[in-house]
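Novice: Hey, dropping final-v3.pdb in here, PDB, C-alpha atoms:
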```pdb
ATOM      1  CA  MET M  22      22.804 -37.278   5.084
ATOM      2  CA  ILE M  23      19.650 -35.235   4.568
ATOM      3  CA  ARG M  24      20.810 -34.105   1.107
ATOM      4  CA  ARG M  25      21.475 -37.687   0.109
ATOM      5  CA  THR M  26      17.984 -38.728   1.299
ATOM      6  CA  ILE M  27      16.327 -35.896  -0.641
ATOM      7  CA  ALA M  28      18.338 -36.692  -3.759
ATOM      8  CA  THR M  29      17.436 -40.383  -3.473
ATOM      9  CA  ALA M  30      13.737 -39.578  -3.057
ATOM     10  CA  ALA M  31      13.838 -37.294  -6.104
ATOM     11  CA  LEU M  32      15.533 -40.006  -8.155
ATOM     12  CA  VAL M  33      12.920 -42.587  -7.106
ATOM     13  CA  LEU M  34      10.073 -40.216  -8.024
ATOM     14  CA  ALA M  35      11.645 -39.330 -11.379
ATOM     15  CA  THR M  36      12.225 -43.005 -12.216
ATOM     16  CA  ALA M  37       8.587 -43.746 -11.430
ATOM     17  CA  GLY M  38       7.503 -40.943 -13.788
ATOM     18  CA  ILE M  39       6.225 -38.737 -10.974
ATOM     19  CA  THR M  40       7.182 -35.090 -11.076
ATOM     20  CA  ALA M  41       6.953 -32.923  -7.981
ATOM     21  CA  VAL M  42       5.525 -29.498  -8.797
ATOM     22  CA  PRO M  43       5.764 -26.773  -6.174
ATOM     23  CA  ALA M  44       2.485 -25.181  -5.155
ATOM     24  CA  ALA M  45       1.827 -21.755  -6.623
ATOM     25  CA  ALA M  46       2.622 -19.013  -4.140
ATOM     26  CA  ASP M  47      -0.062 -16.507  -3.287
ATOM     27  CA  SER M  48       0.768 -13.039  -4.504
ATOM     28  CA  ILE M  49       0.448 -10.235  -2.012
ATOM     29  CA  GLY M  50      -0.053  -6.771  -3.405
ATOM     30  CA  CYS M  51      -1.936  -3.541  -3.024
ATOM     31  CA  THR M  52      -2.643  -0.466  -5.081
ATOM     32  CA  ALA M  53      -3.619   3.010  -3.960
ATOM     33  CA  THR M  54      -5.569   5.691  -5.793
ATOM     34  CA  TYR M  55      -5.836   9.374  -4.875
ATOM     35  CA  THR M  56      -8.982  11.391  -5.576
ATOM     36  CA  ILE M  57      -9.587  15.060  -4.735
ATOM     37  CA  THR M  58     -13.173  15.176  -3.467
ATOM     38  CA  THR M  59     -13.553  18.809  -2.325
ATOM     39  CA  VAL M  60     -11.750  22.084  -3.032
ATOM     40  CA  TRP M  61     -12.468  25.377  -1.253
ATOM     41  CA  GLY M  62     -11.328  28.963  -1.635
ATOM     42  CA  GLY M  63     -11.493  28.739  -5.409
ATOM     43  CA  SER M  64      -8.497  26.446  -5.864
ATOM     44  CA  GLN M  65      -6.600  23.591  -4.273
ATOM     45  CA  SER M  66      -3.979  26.082  -3.050
ATOM     46  CA  HIS M  67      -6.493  27.232  -0.412
ATOM     47  CA  GLY M  68      -7.427  23.733   0.691
ATOM     48  CA  ALA M  69      -8.708  20.381  -0.421
ATOM     49  CA  ILE M  70      -9.987  17.092   0.869
ATOM     50  CA  ALA M  71      -8.730  13.935  -0.789
ATOM     51  CA  GLN M  72      -9.638  10.286  -0.485
ATOM     52  CA  VAL M  73      -7.042   7.533  -0.817
ATOM     53  CA  THR M  74      -8.440   4.114  -1.683
ATOM     54  CA  VAL M  75      -6.265   1.107  -0.843
ATOM     55  CA  SER M  76      -7.172  -2.010  -2.839
ATOM     56  CA  ASN M  77      -5.953  -5.567  -2.484
ATOM     57  CA  SER M  78      -4.557  -6.513  -5.888
ATOM     58  CA  GLY M  79      -3.082  -9.827  -4.760
ATOM     59  CA  SER M  80      -4.410 -13.358  -4.515
ATOM     60  CA  SER M  81      -4.510 -13.505  -0.714
ATOM     61  CA  ALA M  82      -5.673 -11.284   2.127
ATOM     62  CA  ILE M  83      -3.605  -8.325   3.326
ATOM     63  CA  LYS M  84      -3.066  -7.976   7.074
ATOM     64  CA  GLY M  85      -1.785  -4.398   6.933
ATOM     65  CA  TRP M  86      -0.687  -1.699   4.482
ATOM     66  CA  ARG M  87       1.459   1.394   4.089
ATOM     67  CA  VAL M  88       0.807   4.194   1.589
ATOM     68  CA  SER M  89       3.439   6.758   0.589
ATOM     69  CA  LEU M  90       2.620  10.045  -1.145
ATOM     70  CA  ARG M  91       4.957  12.566  -2.739
ATOM     71  CA  TYR M  92       3.705  16.045  -3.563
ATOM     72  CA  THR M  93       5.925  18.130  -5.853
ATOM     73  CA  ASP M  94       3.833  21.308  -5.850
ATOM     74  CA  GLY M  95       4.152  22.416  -2.212
ATOM     75  CA  THR M  96       0.960  20.753  -0.968
ATOM     76  CA  VAL M  97       0.953  20.106   2.789
ATOM     77  CA  VAL M  98      -1.145  17.435   4.535
ATOM     78  CA  THR M  99      -2.803  19.084   7.543
ATOM     79  CA  GLN M 100      -5.106  16.294   8.778
ATOM     80  CA  VAL M 101      -5.668  12.598   8.210
ATOM     81  CA  GLY M 102      -8.595  10.349   9.096
ATOM     82  CA  GLY M 103      -8.745   6.573   8.829
ATOM     83  CA  ALA M 104      -4.957   6.076   8.755
ATOM     84  CA  VAL M 105      -1.983   6.608  11.041
ATOM     85  CA  SER M 106       0.708   9.120  10.060
ATOM     86  CA  LEU M 107       4.114   7.441   9.866
ATOM     87  CA  PRO M 108       7.431   9.261  10.253
ATOM     88  CA  VAL M 109       9.319  10.389   7.157
ATOM     89  CA  ILE M 110      12.666  12.096   7.680
ATOM     90  CA  GLY M 111      14.313  14.649   5.431
ATOM     91  CA  LEU M 112      12.139  14.493   2.355
ATOM     92  CA  PRO M 113       9.960  17.552   1.704
ATOM     93  CA  GLY M 114       6.524  16.764   0.328
ATOM     94  CA  VAL M 115       6.722  13.071   1.255
ATOM     95  CA  TYR M 116       4.145  11.552   3.588
ATOM     96  CA  ALA M 117       3.565   7.991   4.755
ATOM     97  CA  PHE M 118       0.452   6.477   6.283
ATOM     98  CA  GLY M 119      -0.332   3.076   7.756
ATOM     99  CA  ASN M 120      -3.557   1.286   8.492
ATOM    100  CA  GLU M 121      -5.603   1.776  11.644
ATOM    101  CA  SER M 122      -6.361  -1.308  13.743
ATOM    102  CA  TYR M 123      -9.813  -1.584  12.156
ATOM    103  CA  ASN M 124      -8.923  -1.280   8.444
ATOM    104  CA  GLY M 125      -5.683  -3.212   7.971
ATOM    105  CA  ASP M 126      -7.270  -6.504   6.939
ATOM    106  CA  ILE M 127      -8.299  -6.339   3.301
ATOM    107  CA  PRO M 128      -9.646  -9.511   1.669
ATOM    108  CA  MET M 129      -8.691 -10.494  -1.856
ATOM    109  CA  GLY M 130     -10.439  -8.043  -4.198
ATOM    110  CA  GLY M 131     -11.450  -5.760  -1.302
ATOM    111  CA  SER M 132     -10.561  -2.178  -0.472
ATOM    112  CA  THR M 133     -10.607   0.449   2.251
ATOM    113  CA  ALA M 134     -10.178   4.217   2.208
ATOM    114  CA  PHE M 135      -8.829   7.068   4.288
ATOM    115  CA  GLY M 136      -9.103  10.820   4.003
ATOM    116  CA  LEU M 137      -6.656  13.723   3.913
ATOM    117  CA  MET M 138      -7.059  17.459   4.320
ATOM    118  CA  THR M 139      -4.439  19.495   2.462
ATOM    119  CA  SER M 140      -3.450  23.108   1.956
ATOM    120  CA  GLY M 141      -1.010  24.997  -0.223
ATOM    121  CA  GLY M 142       0.268  23.701  -3.488
ATOM    122  CA  GLY M 143      -1.463  24.538  -6.670
ATOM    123  CA  GLY M 144      -2.305  23.028  -9.966
ATOM    124  CA  GLY M 145      -4.579  20.366  -8.473
ATOM    125  CA  ARG M 146      -2.230  17.559  -9.453
ATOM    126  CA  ALA M 147      -2.378  14.283  -7.596
ATOM    127  CA  PRO M 148       0.828  13.212  -5.869
ATOM    128  CA  SER M 149       2.830  10.147  -6.840
ATOM    129  CA  ILE M 150       1.512   7.318  -4.709
ATOM    130  CA  SER M 151       2.566   3.810  -3.779
ATOM    131  CA  CYS M 152       1.152   1.054  -1.606
ATOM    132  CA  THR M 153       3.001  -1.720   0.201
ATOM    133  CA  PRO M 154       1.398  -4.578   2.125
ATOM    134  CA  VAL M 155       2.951  -5.132   5.551
TER     135      VAL M 155
END
```
Would you mind writing the file's structure down as structure tokens?
Specialist:
Amino acid sequence: MIRRTIATAALVLATAGITAVPAAADSIGCTATYTITTVWGGSQSHGAIAQVTVSNSGSSAIKGWRVSLRYTDGTVVTQVGGAVSLPVIGLPGVYAFGNESYNGDIPMGGSTAFGLMTSGGGGGRAPSISCTPV
């Protein structure tokens, strides 16, 4: 019965020359960038501090985010500030972080950042990084 009513309404609108256009959906997206800000001991293998910037790349606000990093050079994350460490099982060099209660909301075009302290590794290469709104 409902299908018949919808089909009838669509036919009436089409006959009258009225076309129903669905509203554009807001896109939700985020990007993350990794920047090494400080190195000590002569190289990153001794230790480094990095900043991860999470930016809202969508057309609506984000209410939370998750960032995943993958180091391939043996780098180990020893401390994090401004994010919550999330569990990752069985994947060496992979780390996941989620927003704190105070920095999860990111308006359209806005950003937030968190910091990491690392050791080991070498080469000074940034890890592969991804961001997912939650």
Novice: Starting from 5 Å padding per side, set up an axis-aligned box that covers all listed atoms of range 112-126 of chain M and hand over centre and edge lengths in Å, one decimal, as lines of an AutoDock Vina configuration file.
Specialist:
```
center_x = 1.2
center_y = 5.5
center_z = 7.0
size_x = 32.0
size_y = 34.1
size_z = 23.4
```
Novice: Distance CA of Val155 in chain M-CA of Gly130 in chain M, one decimal place?
Specialist: 16.8 Å
Novice: Name every residue that the PyMOL selection byres ((chain M and resi 123-128) around 12) selects in this structure, writing the answer as a PyMOL selection string with chains first and numbers rising.
Specialist: chain M and resi 49-52+74-88+102-105+118-122+129-135+153-155
Novice: Just the residues within 12 Å of Thr96 in chain M, please, counting all atoms listed in the file, with nothing from its chain fewer than 2 positions along; format it as JSON, numbers by chain.
Specialist: {"M": [65, 66, 67, 68, 69, 70, 71, 90, 91, 92, 93, 94, 98, 99, 113, 114, 115, 116, 137, 138, 139, 140, 141, 142, 143, 144, 145, 146, 147, 148]}
Novice: Restricting the calculation to all atoms listed in the file, which member of M:Ile57, M:Ile110, M:Val101, M:Cys152 is positioned closest to Ser89 in chain M?
Specialist: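 Using all atoms listed in the file, the shortest distance to Ser89 in chain M belongs to M:Cys152.
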Novice: Would you work out the distance separating CA of Gln72 in chain M from CA of Thr54 in chain M, expressed in Å to one decimal?
Specialist: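 One can read the CA of Gln72 in chain M to CA of Thr54 in chain M distance as 8.1 Å.
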Novice: Could you state the separation of CA of Val97 in chain M and CA of Leu112 in chain M in Å, given to one decimal place?
Specialist: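 That distance, rounded to one decimal, is 12.5 Å.
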